[in-house]
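File shown: structure25.txt. Contents: compact mmCIF, C-alpha atoms.
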```
# COMPACT_ATOMS: atom_id res chain seq x y z
CA MET A 1050 -34.69 162.39 181.67
CA ALA A 1051 -33.29 163.75 184.91
CA THR A 1052 -29.75 162.66 185.64
CA THR A 1053 -27.99 164.65 188.35
CA GLY A 1054 -28.70 167.87 190.16
CA ALA A 1055 -27.87 171.03 188.18
CA ASP A 1056 -28.80 172.53 184.79
CA VAL A 1057 -27.64 170.98 181.52
CA ARG A 1058 -25.20 173.21 179.69
CA ALA A 1059 -26.09 174.10 176.10
CA GLY A 1060 -25.04 171.39 173.64
CA ALA A 1061 -23.65 169.02 176.26
CA GLU A 1062 -24.94 165.47 176.80
CA PRO A 1063 -26.44 164.89 180.24
CA VAL A 1064 -24.63 162.37 182.42
CA SER A 1065 -26.80 159.39 183.33
CA LEU A 1066 -26.67 158.30 186.93
CA ARG A 1067 -29.19 155.51 186.41
CA LEU A 1068 -26.76 152.59 186.12
CA PRO A 1069 -24.35 153.57 188.91
CA GLY A 1070 -27.26 154.51 191.19
CA ILE A 1071 -29.08 151.22 190.63
CA VAL A 1072 -25.91 149.14 191.07
CA LEU A 1073 -25.04 151.04 194.26
CA GLY A 1074 -28.61 150.53 195.48
CA VAL A 1075 -28.45 146.78 194.85
CA GLY A 1076 -25.21 146.50 196.84
CA LEU A 1077 -26.31 148.78 199.66
CA GLY A 1078 -29.75 147.13 199.84
CA GLY A 1079 -28.03 143.75 200.10
CA PHE A 1080 -25.86 145.05 202.92
CA VAL A 1081 -28.93 146.30 204.81
CA ASP A 1082 -30.54 142.87 204.38
CA GLY A 1083 -27.40 140.97 205.39
CA ILE A 1084 -26.40 143.15 208.31
CA LEU A 1085 -29.89 143.74 209.74
CA LEU A 1086 -31.74 140.48 209.01
CA HIS A 1087 -28.83 137.99 208.96
CA GLN A 1088 -26.52 139.36 211.65
CA LEU A 1089 -28.23 141.76 214.04
CA LEU A 1090 -31.75 140.30 214.18
CA GLN A 1091 -30.61 136.79 213.16
CA TRP A 1092 -33.97 136.13 211.51
CA HIS A 1093 -32.43 134.13 208.69
CA HIS A 1094 -29.24 133.19 206.86
CA MET A 1095 -28.74 132.29 203.22
CA LEU A 1096 -29.60 128.60 203.71
CA SER A 1097 -31.68 128.67 206.88
CA SER A 1098 -34.86 127.28 205.27
CA THR A 1099 -33.38 124.62 203.03
CA ASP A 1100 -35.24 121.97 205.02
CA THR A 1101 -38.37 123.23 203.22
CA ASP A 1102 -36.81 124.64 200.02
CA HIS A 1103 -37.98 123.92 196.48
CA ILE A 1104 -34.66 122.77 194.99
CA GLY A 1105 -33.26 120.14 197.36
CA VAL A 1106 -30.31 122.01 198.89
CA ARG A 1107 -28.89 120.18 201.89
CA TYR A 1108 -30.23 121.57 205.18
CA TYR A 1109 -27.79 123.30 207.50
CA ASP A 1110 -29.62 123.88 210.77
CA PRO A 1111 -28.60 127.37 211.94
CA ASP A 1112 -29.23 126.28 215.55
CA THR A 1113 -26.22 123.94 215.43
CA VAL A 1114 -22.58 125.02 215.33
CA SER A 1115 -21.81 123.23 212.05
CA GLY A 1116 -25.06 124.49 210.48
CA LEU A 1117 -24.40 128.06 211.58
CA GLU A 1118 -20.86 127.80 210.20
CA MET A 1119 -22.15 126.77 206.75
CA ASN A 1120 -24.86 129.44 206.78
CA THR A 1121 -22.23 132.01 207.77
CA VAL A 1122 -20.04 130.96 204.83
CA TRP A 1123 -22.96 131.47 202.44
CA ASP A 1124 -23.77 134.80 204.12
CA GLY A 1125 -20.14 135.71 203.40
CA PHE A 1126 -20.55 134.90 199.69
CA PHE A 1127 -23.69 137.06 199.71
CA HIS A 1128 -21.82 139.97 201.34
CA THR A 1129 -18.98 139.58 198.83
CA VAL A 1130 -21.45 140.04 195.97
CA CYS A 1131 -22.90 143.11 197.74
CA TRP A 1132 -19.41 144.56 198.21
CA LEU A 1133 -18.55 143.99 194.54
CA ALA A 1134 -21.80 145.69 193.48
CA VAL A 1135 -20.93 148.75 195.60
CA LEU A 1136 -17.41 148.88 194.14
CA LEU A 1137 -18.77 148.54 190.60
CA GLY A 1138 -21.39 151.23 191.21
CA LEU A 1139 -18.74 153.59 192.57
CA ALA A 1140 -16.44 152.88 189.62
CA VAL A 1141 -19.18 153.59 187.08
CA LEU A 1142 -20.23 156.72 188.97
CA TYR A 1143 -16.64 157.97 189.11
CA SER A 1144 -16.17 157.33 185.39
CA ARG A 1145 -19.26 159.38 184.54
CA VAL A 1146 -18.77 162.33 186.85
CA THR A 1147 -15.61 164.34 186.30
CA ARG A 1148 -16.43 167.53 188.22
CA ASP A 1149 -18.87 168.90 190.77
CA ARG A 1150 -18.95 165.53 192.52
CA ARG A 1151 -20.40 167.10 195.66
CA ARG A 1152 -23.50 168.13 193.72
CA VAL A 1153 -23.89 164.59 192.42
CA TRP A 1154 -23.62 163.05 195.91
CA THR A 1155 -26.31 165.41 197.19
CA SER A 1156 -28.60 165.09 194.16
CA ARG A 1157 -32.09 163.67 194.18
CA VAL A 1158 -31.29 161.83 190.98
CA LEU A 1159 -28.47 159.71 192.40
CA TRP A 1160 -30.31 158.86 195.61
CA GLY A 1161 -33.52 158.19 193.72
CA TRP A 1162 -31.72 155.62 191.56
CA VAL A 1163 -30.06 154.16 194.66
CA LEU A 1164 -33.51 153.61 196.16
CA VAL A 1165 -34.67 152.03 192.89
CA GLY A 1166 -31.68 149.66 193.06
CA TRP A 1167 -32.42 148.77 196.68
CA GLY A 1168 -36.04 148.08 195.77
CA LEU A 1169 -34.98 145.93 192.81
CA PHE A 1170 -32.70 143.98 195.15
CA ASN A 1171 -35.65 143.33 197.49
CA LEU A 1172 -37.93 142.31 194.65
CA VAL A 1173 -35.46 139.96 192.93
CA GLU A 1174 -34.03 138.47 196.13
CA GLY A 1175 -37.51 138.14 197.64
CA VAL A 1176 -39.03 136.42 194.63
CA VAL A 1177 -36.04 134.15 193.93
CA ASP A 1178 -34.84 133.19 197.44
CA HIS A 1179 -38.09 133.41 199.41
CA HIS A 1180 -40.67 132.19 196.91
CA ILE A 1181 -39.08 130.30 193.99
CA LEU A 1182 -36.13 128.59 195.70
CA GLY A 1183 -37.46 128.81 199.26
CA ILE A 1184 -33.91 128.73 200.71
CA HIS A 1185 -34.79 131.24 203.41
CA HIS A 1186 -37.61 133.53 204.50
CA VAL A 1187 -37.57 136.99 206.03
CA TYR A 1188 -38.82 135.57 209.31
CA ALA A 1189 -39.41 131.81 209.29
CA GLY A 1190 -42.31 130.24 211.15
CA ASP A 1191 -45.98 131.03 211.49
CA GLY A 1192 -46.93 133.81 209.13
CA GLN A 1193 -43.67 133.66 207.17
CA VAL A 1194 -45.52 134.27 203.92
CA TRP A 1195 -46.69 137.65 205.24
CA TRP A 1196 -43.12 138.65 206.15
CA ASP A 1197 -42.01 137.62 202.65
CA ILE A 1198 -44.86 139.57 201.03
CA GLY A 1199 -44.05 142.60 203.21
CA PHE A 1200 -40.46 142.43 201.95
CA LEU A 1201 -41.76 142.53 198.36
CA VAL A 1202 -44.10 145.42 199.15
CA LEU A 1203 -41.17 147.34 200.68
CA GLY A 1204 -39.18 146.66 197.50
CA ALA A 1205 -42.00 147.97 195.30
CA LEU A 1206 -42.34 151.09 197.48
CA LEU A 1207 -38.57 151.72 197.26
CA VAL A 1208 -38.66 151.41 193.45
CA ALA A 1209 -41.65 153.75 193.16
CA GLY A 1210 -40.33 156.27 195.71
CA GLY A 1211 -36.85 156.25 194.19
CA TYR A 1212 -38.22 156.74 190.70
CA LEU A 1213 -40.33 159.70 191.85
CA LEU A 1214 -37.38 161.18 193.77
CA GLN A 1215 -35.02 161.04 190.79
CA ARG A 1216 -37.65 162.60 188.52
CA GLY A 1217 -37.50 165.70 190.74
CA GLY A 1218 -33.82 166.20 189.91
CA ARG A 1219 -32.42 168.19 187.02
CA ALA A 1220 -30.10 167.01 184.26
CA ARG A 1221 -26.45 168.00 184.34
CA ALA A 1222 -23.80 168.14 181.61
CA ALA A 1223 -20.86 165.74 181.64
```
As structure tokens, please, write out the structure in this file.
Amino acid sequence: MATTGADVRAGAEPVSLRLPGIVLGVGLGGFVDGILLHQLLQWHHMLSSTDTDHIGVRYYDPDTVSGLEMNTVWDGFFHTVCWLAVLLGLAVLYSRVTRDRRRVWTSRVLWGWVLVGWGLFNLVEGVVDHHILGIHHVYAGDGQVWWDIGFLVLGALLVAGGYLLQRGGRARAA
């Protein structure tokens, strides 16, 4: 299995970048979602569709000040989880790579696993929040199901592309 970006030295175990790459990808993918869709485009917030959800969460209308405040608090919890995932991914990566860190940061393997993690974030968050719980949608309104399906398709493409990218890397000794 490919793990970083240079040749494996004889007799040495290759360092796996799968876990830190995926965890970093989950956190970074969450940040892209939160910053782009929640803040810049303001398409949705964590609880912006709870008026039509599947679990009975109280509705906080994001078009009112108090509703936007509550949605912003839940967006903050979401960003905190993303931040912790990035910190955890960096900690695991640091613990596994003791030298030639520049080669790791420029390797296809690490960035392939990061893309896999981002895609997994999209798939899990899309299925759970958009379809099962229904607490928000990518873009609420007419055609929202197509936006939600597009989000899942993007996630699947990120997983597939990331997996193919990391396969093109070469293993590297610890």
| request: Measuring atom to atom with only C-alpha atoms, identify which of A:Asn1120, A:Ser1144, A:Ser1115, A:Ser1098 is nearest to Pro1069 in chain A. | output: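 With only C-alpha atoms as the atom set, the closest residue is A:Ser1144.
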| request: Show which residues sit within 7 Å of Leu1214 in chain A, as a ChimeraX atom specification. Count all atoms listed in the file, and ignore same-chain residues fewer than 6 positions away. | output: /A:1157-1158,1161
| query | What is the distance between CA of Ala1140 in chain A and CA of Leu1068 in chain A, in Å to one decimal? | reply |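 Going from CA of Ala1140 in chain A over to CA of Leu1068 in chain A covers 10.9 Å.
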| Suppose you want the space between CA of Val1176 in chain A and CA of Gly1204 in chain A; what is it in Å? |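 Result for CA of Val1176 in chain A versus CA of Gly1204 in chain A: 10.6 Å, one decimal.
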| said: Excluding Trp1132 in chain A and its own-chain neighbours fewer than 5 positions away, which residues fall within 10 Å of it when counting only C-alpha atoms? Please give them as a PyMOL selection string. | reply: chain A and resi 1073+1075-1077+1079-1080+1126-1127+1137-1138
| message | What's the separation between CA of Leu1066 in chain A and CA of Ile1084 in chain A, in Å to one decimal place? | response |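 CA of Leu1066 in chain A sits 26.2 Å away from CA of Ile1084 in chain A.
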| query | Which one is closest to Thr1099 in chain A: A:Ala1209, A:Leu1203, A:Val1064, A:Leu1182? Count only C-alpha atoms. | reply | A:Leu1182
May I ask you to restore all heavy atoms in range 1154-1165 of chain A and write the result as a PDB file, in the frame of the given file?
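Generated file (part-v8.pdb):
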```pdb
ATOM      1  N   TRP A1154     -23.365 163.809 194.686  1.00  0.00           N
ATOM      2  CA  TRP A1154     -23.620 163.050 195.910  1.00  0.00           C
ATOM      3  C   TRP A1154     -24.801 163.589 196.695  1.00  0.00           C
ATOM      4  O   TRP A1154     -25.386 162.881 197.508  1.00  0.00           O
ATOM      5  CB  TRP A1154     -22.379 163.020 196.809  1.00  0.00           C
ATOM      6  CG  TRP A1154     -21.389 162.015 196.328  1.00  0.00           C
ATOM      7  CD1 TRP A1154     -20.203 162.267 195.715  1.00  0.00           C
ATOM      8  CD2 TRP A1154     -21.508 160.596 196.395  1.00  0.00           C
ATOM      9  NE1 TRP A1154     -19.589 161.087 195.386  1.00  0.00           N
ATOM     10  CE2 TRP A1154     -20.361 160.044 195.800  1.00  0.00           C
ATOM     11  CE3 TRP A1154     -22.479 159.732 196.890  1.00  0.00           C
ATOM     12  CZ2 TRP A1154     -20.154 158.680 195.692  1.00  0.00           C
ATOM     13  CZ3 TRP A1154     -22.272 158.364 196.788  1.00  0.00           C
ATOM     14  CH2 TRP A1154     -21.123 157.858 196.193  1.00  0.00           C
ATOM     15  N   THR A1155     -25.172 164.833 196.478  1.00  0.00           N
ATOM     16  CA  THR A1155     -26.310 165.410 197.190  1.00  0.00           C
ATOM     17  C   THR A1155     -27.549 165.513 196.297  1.00  0.00           C
ATOM     18  O   THR A1155     -28.543 166.095 196.701  1.00  0.00           O
ATOM     19  CB  THR A1155     -25.962 166.805 197.754  1.00  0.00           C
ATOM     20  OG1 THR A1155     -25.601 167.666 196.673  1.00  0.00           O
ATOM     21  CG2 THR A1155     -24.830 166.727 198.757  1.00  0.00           C
ATOM     22  N   SER A1156     -27.491 164.935 195.098  1.00  0.00           N
ATOM     23  CA  SER A1156     -28.600 165.090 194.160  1.00  0.00           C
ATOM     24  C   SER A1156     -29.725 164.105 194.411  1.00  0.00           C
ATOM     25  O   SER A1156     -29.505 162.971 194.844  1.00  0.00           O
ATOM     26  CB  SER A1156     -28.099 164.949 192.720  1.00  0.00           C
ATOM     27  OG  SER A1156     -27.839 163.596 192.417  1.00  0.00           O
ATOM     28  N   ARG A1157     -30.914 164.539 194.106  1.00  0.00           N
ATOM     29  CA  ARG A1157     -32.090 163.670 194.180  1.00  0.00           C
ATOM     30  C   ARG A1157     -31.989 162.539 193.172  1.00  0.00           C
ATOM     31  O   ARG A1157     -32.497 161.453 193.411  1.00  0.00           O
ATOM     32  CB  ARG A1157     -33.354 164.470 193.879  1.00  0.00           C
ATOM     33  CG  ARG A1157     -33.714 165.461 194.909  1.00  0.00           C
ATOM     34  CD  ARG A1157     -34.906 166.253 194.429  1.00  0.00           C
ATOM     35  NE  ARG A1157     -35.717 166.586 195.570  1.00  0.00           N
ATOM     36  CZ  ARG A1157     -36.968 166.964 195.502  1.00  0.00           C
ATOM     37  NH1 ARG A1157     -37.563 167.049 194.331  1.00  0.00           N
ATOM     38  NH2 ARG A1157     -37.637 167.258 196.584  1.00  0.00           N
ATOM     39  N   VAL A1158     -31.361 162.824 192.042  1.00  0.00           N
ATOM     40  CA  VAL A1158     -31.290 161.830 190.980  1.00  0.00           C
ATOM     41  C   VAL A1158     -30.490 160.613 191.436  1.00  0.00           C
ATOM     42  O   VAL A1158     -30.949 159.475 191.320  1.00  0.00           O
ATOM     43  CB  VAL A1158     -30.697 162.443 189.699  1.00  0.00           C
ATOM     44  CG1 VAL A1158     -30.514 161.385 188.630  1.00  0.00           C
ATOM     45  CG2 VAL A1158     -31.597 163.563 189.204  1.00  0.00           C
ATOM     46  N   LEU A1159     -29.286 160.834 191.958  1.00  0.00           N
ATOM     47  CA  LEU A1159     -28.470 159.710 192.400  1.00  0.00           C
ATOM     48  C   LEU A1159     -29.178 158.911 193.478  1.00  0.00           C
ATOM     49  O   LEU A1159     -29.293 157.687 193.392  1.00  0.00           O
ATOM     50  CB  LEU A1159     -27.107 160.180 192.916  1.00  0.00           C
ATOM     51  CG  LEU A1159     -26.217 159.066 193.472  1.00  0.00           C
ATOM     52  CD1 LEU A1159     -25.855 158.053 192.386  1.00  0.00           C
ATOM     53  CD2 LEU A1159     -24.965 159.653 194.109  1.00  0.00           C
ATOM     54  N   TRP A1160     -29.685 159.581 194.495  1.00  0.00           N
ATOM     55  CA  TRP A1160     -30.310 158.860 195.610  1.00  0.00           C
ATOM     56  C   TRP A1160     -31.634 158.243 195.220  1.00  0.00           C
ATOM     57  O   TRP A1160     -32.026 157.199 195.750  1.00  0.00           O
ATOM     58  CB  TRP A1160     -30.395 159.763 196.838  1.00  0.00           C
ATOM     59  CG  TRP A1160     -29.006 160.023 197.322  1.00  0.00           C
ATOM     60  CD1 TRP A1160     -28.293 161.176 197.181  1.00  0.00           C
ATOM     61  CD2 TRP A1160     -28.123 159.075 197.916  1.00  0.00           C
ATOM     62  NE1 TRP A1160     -27.023 161.005 197.670  1.00  0.00           N
ATOM     63  CE2 TRP A1160     -26.885 159.730 198.125  1.00  0.00           C
ATOM     64  CE3 TRP A1160     -28.232 157.750 198.285  1.00  0.00           C
ATOM     65  CZ2 TRP A1160     -25.788 159.100 198.699  1.00  0.00           C
ATOM     66  CZ3 TRP A1160     -27.136 157.112 198.861  1.00  0.00           C
ATOM     67  CH2 TRP A1160     -25.939 157.784 199.060  1.00  0.00           C
ATOM     68  N   GLY A1161     -32.314 158.830 194.248  1.00  0.00           N
ATOM     69  CA  GLY A1161     -33.520 158.190 193.720  1.00  0.00           C
ATOM     70  C   GLY A1161     -33.177 156.874 193.041  1.00  0.00           C
ATOM     71  O   GLY A1161     -33.836 155.852 193.285  1.00  0.00           O
ATOM     72  N   TRP A1162     -32.119 156.869 192.220  1.00  0.00           N
ATOM     73  CA  TRP A1162     -31.720 155.620 191.560  1.00  0.00           C
ATOM     74  C   TRP A1162     -31.177 154.616 192.563  1.00  0.00           C
ATOM     75  O   TRP A1162     -31.344 153.404 192.387  1.00  0.00           O
ATOM     76  CB  TRP A1162     -30.726 155.896 190.436  1.00  0.00           C
ATOM     77  CG  TRP A1162     -31.360 156.510 189.229  1.00  0.00           C
ATOM     78  CD1 TRP A1162     -31.035 157.702 188.641  1.00  0.00           C
ATOM     79  CD2 TRP A1162     -32.448 155.988 188.456  1.00  0.00           C
ATOM     80  NE1 TRP A1162     -31.855 157.945 187.564  1.00  0.00           N
ATOM     81  CE2 TRP A1162     -32.726 156.910 187.431  1.00  0.00           C
ATOM     82  CE3 TRP A1162     -33.226 154.842 188.537  1.00  0.00           C
ATOM     83  CZ2 TRP A1162     -33.736 156.709 186.487  1.00  0.00           C
ATOM     84  CZ3 TRP A1162     -34.235 154.635 187.598  1.00  0.00           C
ATOM     85  CH2 TRP A1162     -34.483 155.555 186.594  1.00  0.00           C
ATOM     86  N   VAL A1163     -30.514 155.087 193.617  1.00  0.00           N
ATOM     87  CA  VAL A1163     -30.060 154.160 194.660  1.00  0.00           C
ATOM     88  C   VAL A1163     -31.264 153.466 195.301  1.00  0.00           C
ATOM     89  O   VAL A1163     -31.246 152.250 195.523  1.00  0.00           O
ATOM     90  CB  VAL A1163     -29.186 154.890 195.713  1.00  0.00           C
ATOM     91  CG1 VAL A1163     -28.972 154.035 196.952  1.00  0.00           C
ATOM     92  CG2 VAL A1163     -27.836 155.294 195.103  1.00  0.00           C
ATOM     93  N   LEU A1164     -32.310 154.221 195.593  1.00  0.00           N
ATOM     94  CA  LEU A1164     -33.510 153.610 196.160  1.00  0.00           C
ATOM     95  C   LEU A1164     -34.157 152.627 195.183  1.00  0.00           C
ATOM     96  O   LEU A1164     -34.646 151.572 195.594  1.00  0.00           O
ATOM     97  CB  LEU A1164     -34.518 154.688 196.571  1.00  0.00           C
ATOM     98  CG  LEU A1164     -34.148 155.533 197.780  1.00  0.00           C
ATOM     99  CD1 LEU A1164     -35.194 156.621 198.018  1.00  0.00           C
ATOM    100  CD2 LEU A1164     -33.973 154.679 199.025  1.00  0.00           C
ATOM    101  N   VAL A1165     -34.148 152.959 193.903  1.00  0.00           N
ATOM    102  CA  VAL A1165     -34.670 152.030 192.890  1.00  0.00           C
ATOM    103  C   VAL A1165     -33.861 150.732 192.930  1.00  0.00           C
ATOM    104  O   VAL A1165     -34.424 149.629 192.922  1.00  0.00           O
ATOM    105  CB  VAL A1165     -34.637 152.652 191.482  1.00  0.00           C
ATOM    106  CG1 VAL A1165     -34.893 151.601 190.406  1.00  0.00           C
ATOM    107  CG2 VAL A1165     -35.662 153.783 191.363  1.00  0.00           C
TER     108      VAL A1165
END
```
